[in-house]
$ cat coords_19.cif   # mmCIF, C-alpha atoms
data_entry
#
loop_
_atom_site.label_atom_id
_atom_site.label_comp_id
_atom_site.auth_asym_id
_atom_site.auth_seq_id
_atom_site.Cartn_x
_atom_site.Cartn_y
_atom_site.Cartn_z
CA MET I 1 0.00 0.00 0.00
CA ARG I 2 1.40 3.41 -0.93
CA VAL I 3 1.20 6.27 1.54
CA ARG I 4 0.03 9.48 -0.12
CA ALA I 5 -0.05 12.95 1.38
CA PHE I 6 -1.66 16.18 0.27
CA CYS I 7 -0.37 19.19 2.18
CA LEU I 8 -0.72 22.92 2.25
CA LEU I 9 2.65 24.63 2.58
CA GLY I 10 1.93 28.28 3.19
CA ASN I 11 -0.60 28.99 0.43
CA GLU I 12 0.68 26.33 -1.99
CA ALA I 13 -0.66 22.79 -2.37
CA CYS I 14 1.97 20.04 -2.64
CA ARG I 15 1.80 16.28 -3.12
CA ASP I 16 4.21 13.64 -1.89
CA VAL I 17 6.34 16.07 0.09
CA PRO I 18 8.77 14.87 2.77
CA LEU I 19 6.70 15.56 5.87
CA LYS I 20 9.55 15.74 8.38
CA ALA I 21 11.42 18.38 6.37
CA SER I 22 8.26 20.43 5.79
CA ASP I 23 6.90 20.31 9.34
CA PRO I 24 7.54 24.00 10.22
CA TYR I 25 5.61 25.09 7.11
CA LEU I 26 2.59 22.78 7.28
CA ARG I 27 -0.88 24.23 7.82
CA PHE I 28 -2.89 21.18 6.78
CA CYS I 29 -1.96 17.68 5.70
CA PHE I 30 -4.27 14.91 4.48
CA ILE I 31 -2.63 11.46 4.60
CA THR I 32 -4.11 8.27 3.13
CA GLY I 33 -2.98 4.67 2.95
CA ILE I 34 -1.84 4.24 6.54
CA THR I 35 -3.29 2.73 9.67
CA LYS I 36 -3.05 4.01 13.22
CA PHE I 37 -0.42 1.37 13.92
CA SER I 38 1.76 2.40 10.99
CA GLN I 39 1.61 6.05 12.07
CA LEU I 40 3.72 5.08 15.05
CA SER I 41 6.60 3.71 13.00
CA ILE I 42 6.52 5.74 9.77
CA PHE I 43 5.89 9.12 11.34
CA SER I 44 7.63 8.74 14.67
CA THR I 45 8.49 12.45 14.96
CA ILE I 46 4.98 13.68 14.18
CA ASN I 47 3.09 13.71 17.46
CA ASN I 48 0.00 15.72 16.65
CA LEU I 49 -1.78 13.73 13.95
CA LYS I 50 -5.57 13.72 14.30
CA ASN I 51 -7.40 10.66 13.06
CA VAL I 52 -10.70 11.86 11.58
CA SER I 53 -11.70 8.62 9.87
CA MET I 54 -14.52 7.78 12.31
CA ARG I 55 -15.85 11.34 12.68
CA PRO I 56 -19.28 11.70 11.06
CA ASP I 57 -18.34 15.00 9.37
CA PHE I 58 -15.41 13.30 7.54
CA SER I 59 -16.80 9.78 7.06
CA ALA I 60 -18.11 10.41 3.55
CA ILE I 61 -14.63 11.20 2.19
CA CYS I 62 -12.15 9.29 4.31
CA GLY I 63 -13.66 6.93 6.82
CA PHE I 64 -16.62 4.94 8.00
CA THR I 65 -19.73 5.87 9.88
CA GLU I 66 -20.64 3.77 12.90
CA GLU I 67 -23.63 2.42 10.97
CA GLU I 68 -21.37 1.30 8.10
CA VAL I 69 -19.09 -0.51 10.53
CA LYS I 70 -22.08 -2.34 12.03
CA THR I 71 -23.53 -3.36 8.65
CA ILE I 72 -20.61 -3.78 6.25
CA PHE I 73 -18.27 -5.37 8.79
CA LYS I 74 -20.95 -7.33 10.67
CA GLU I 75 -19.60 -10.69 9.51
CA ASP I 76 -16.01 -9.75 10.43
CA ILE I 77 -17.11 -8.61 13.89
CA GLU I 78 -18.99 -11.88 14.40
CA ASP I 79 -15.88 -13.82 13.30
CA MET I 80 -13.84 -11.89 15.82
CA ALA I 81 -16.32 -12.78 18.57
CA VAL I 82 -15.84 -16.45 17.72
CA LYS I 83 -12.06 -16.02 18.05
CA TYR I 84 -12.45 -14.48 21.52
CA GLU I 85 -14.77 -17.32 22.43
CA CYS I 86 -12.18 -19.87 21.28
CA THR I 87 -9.45 -18.13 23.24
CA MET I 88 -11.49 -18.17 26.44
CA TYR I 89 -12.41 -21.81 25.79
CA LEU I 90 -8.72 -22.72 25.50
CA ILE I 91 -7.82 -20.85 28.69
CA PHE I 92 -10.48 -22.64 30.75
CA SER I 93 -9.63 -25.98 29.15
CA MET I 94 -5.93 -25.56 29.96
CA LEU I 95 -6.95 -24.90 33.56
CA ASN I 96 -8.76 -28.26 33.46
CA VAL I 97 -12.17 -26.61 33.87
CA TYR I 98 -15.21 -28.01 32.12
CA VAL I 99 -16.35 -25.46 29.54
CA ARG I 100 -18.69 -25.51 26.53
CA THR I 101 -19.33 -22.88 23.89
CA GLN I 102 -22.47 -22.11 21.91
CA VAL I 103 -24.63 -23.95 24.42
CA LYS I 104 -28.21 -24.35 23.17
CA CYS I 105 -30.95 -23.03 25.42
CA THR I 106 -34.65 -22.41 24.86
CA GLY I 107 -33.95 -18.76 23.93
CA GLY I 108 -31.07 -19.46 21.56
CA LYS I 109 -27.39 -20.13 22.25
CA THR I 110 -25.26 -18.66 24.99
CA ASP I 111 -21.63 -18.01 24.07
CA MET I 112 -20.06 -19.99 26.89
CA VAL I 113 -20.88 -21.95 30.04
CA VAL I 114 -18.22 -22.84 32.61
CA TRP I 115 -18.85 -25.42 35.32
CA MET I 116 -16.94 -25.10 38.60
CA PRO I 117 -17.50 -27.35 41.65
CA ASP I 118 -20.00 -24.99 43.32
CA THR I 119 -20.87 -22.51 40.57
CA THR I 120 -21.97 -22.46 36.94
CA TYR I 121 -20.99 -19.35 34.95
CA VAL I 122 -23.06 -18.31 31.93
CA PHE I 123 -21.11 -15.94 29.65
CA GLU I 124 -22.23 -13.70 26.81
CA LEU I 125 -19.39 -12.03 24.87
CA LYS I 126 -19.63 -8.79 22.89
CA VAL I 127 -17.06 -7.28 20.54
CA ASN I 128 -19.21 -4.40 19.40
CA GLY I 129 -21.43 -3.60 22.35
CA MET I 130 -21.53 -3.05 26.06
CA ALA I 131 -21.03 -5.69 28.73
CA GLN I 132 -24.33 -4.64 30.31
CA ASN I 133 -26.11 -5.41 27.02
CA ALA I 134 -24.59 -8.90 27.07
CA LEU I 135 -25.85 -9.43 30.61
CA GLU I 136 -29.32 -8.22 29.61
CA GLN I 137 -29.29 -10.65 26.67
CA ILE I 138 -28.64 -13.55 29.07
CA ASP I 139 -31.73 -12.49 31.03
CA SER I 140 -34.00 -11.67 28.08
CA LYS I 141 -33.29 -14.98 26.33
CA ASN I 142 -33.25 -17.06 29.55
CA TYR I 143 -29.81 -18.51 28.80
CA ALA I 144 -29.17 -19.28 32.49
CA LEU I 145 -32.53 -20.91 33.19
CA PRO I 146 -31.58 -24.57 32.49
CA PHE I 147 -28.57 -24.42 34.80
CA HIS I 148 -30.57 -23.59 37.95
CA THR I 149 -31.60 -27.26 38.22
CA GLU I 150 -28.02 -28.49 38.71
CA GLY I 151 -27.75 -27.56 42.40
CA ARG I 152 -24.95 -25.03 41.85
CA LYS I 153 -24.98 -21.28 42.21
CA VAL I 154 -25.49 -19.67 38.75
CA ILE I 155 -23.62 -16.48 37.89
CA LYS I 156 -24.35 -14.58 34.68
CA ALA I 157 -21.51 -12.54 33.15
CA GLY I 158 -21.41 -10.11 30.24
CA ILE I 159 -18.02 -9.32 28.72
CA HIS I 160 -17.03 -6.62 26.24
CA PHE I 161 -13.81 -7.01 24.23
CA ILE I 162 -11.86 -4.19 22.56
CA LYS I 163 -11.19 -5.18 18.97
CA ASP I 164 -8.00 -3.14 18.47
CA THR I 165 -6.18 -4.21 21.64
CA ARG I 166 -7.79 -7.67 21.83
CA THR I 167 -8.40 -7.23 25.53
CA ILE I 168 -11.37 -7.26 27.87
CA ASP I 169 -12.68 -3.72 28.23
CA GLU I 170 -15.46 -4.36 30.69
CA TRP I 171 -17.26 -7.18 32.42
CA VAL I 172 -20.36 -7.25 34.61
CA THR I 173 -22.12 -9.96 36.55
CA ASP I 174 -25.52 -10.29 38.13
CA GLN I 175 -23.84 -10.55 41.54
CA PRO I 176 -23.57 -7.51 43.87
#
$ encode --input "coords_19.cif" --output "structure tokens"
Amino acid sequence: MRVRAFCLLGNEACRDVPLKASDPYLRFCFITGITKFSQLSIFSTINNLKNVSMRPDFSAICGFTEEEVKTIFKEDIEDMAVKYECTMYLIFSMLNVYVRTQVKCTGGKTDMVVWMPDTTYVFELKVNGMAQNALEQIDSKNYALPFHTEGRKVIKAGIHFIKDTRTIDEWVTDQP
């Protein structure tokens, strides 16, 4: 991918200028063909770049609206959720804990159920959403209902993952 820049130097428009050498003269610079990650390595001396790609007022020319991300990338987001689910499954399995994913319930499928000696955990994972919404989904679809007959305490947990950092952003449970 080629990085392209359009800059205003004083009152003159220039293309493909060396940014570091022109820094004192720049008023405006529009850069395409890079990601946030590559900004760190390619432009290490430029500290004041503003990413406008997700701003609604710039989305038509250089980015995406939130609605476009939810519709166009829906399948990719769902695939990512499956990867997080697999990762959590592997972690619990390596700890020798009984875990199942995509467990069928009367209201659909819950993302993950973990059985501990005294407690059953019912998890709903969200990549693009809030942890509280995941918890509410467990309740609205009665995902935890079948596990109340097992004689263990049942804890419902909603987890939100951050796509970019691949980490847990937030988690909530139904416990005080």
$ resolve_selection --input "coords_19.cif" --expression "the PyMOL selection byres ((chain I and resi 146) around 12)" --output "list in words"
Val103, Lys104, Cys105, Thr106, Gly107, Lys109, Thr110, Val113, Thr120, Val122, Ile138, Lys141, Asn142, Tyr143, Ala144, Leu145, Phe147, His148, Thr149, Glu150, Gly151, Arg152 and Val154 of chain I
$ closest_residue --input "coords_19.cif" --among "I:Glu75, I:Arg100, I:Val127, I:Asn133" --to "Asp164 in chain I" --atoms "all atoms listed in the file"
I:Val127
$ resolve_selection --input "coords_19.cif" --expression "the PyMOL selection byres ((chain I and resi 111) around 12)" --output "PyMOL selection string"
chain I and resi 78+81-86+88-89+99-105+108-110+112-114+121-126+134-135+137-138+143-144+156-159
$ atom_distance --input "coords_19.cif" --atom1 "CA of Thr165 in chain I" --atom2 "CA of Lys50 in chain I"
19.4 Å
$ atom_distance --input "coords_19.cif" --atom1 "CA of Thr87 in chain I" --atom2 "CA of Gly129 in chain I"
18.9 Å
$ atom_distance --input "coords_19.cif" --atom1 "CA of Lys74 in chain I" --atom2 "CA of Asn128 in chain I"
9.4 Å
$ closest_residue --input "coords_19.cif" --among "I:Asp174, I:Trp115, I:Lys163, I:Phe92" --to "Asp139 in chain I" --atoms "only C-alpha atoms"
I:Asp174
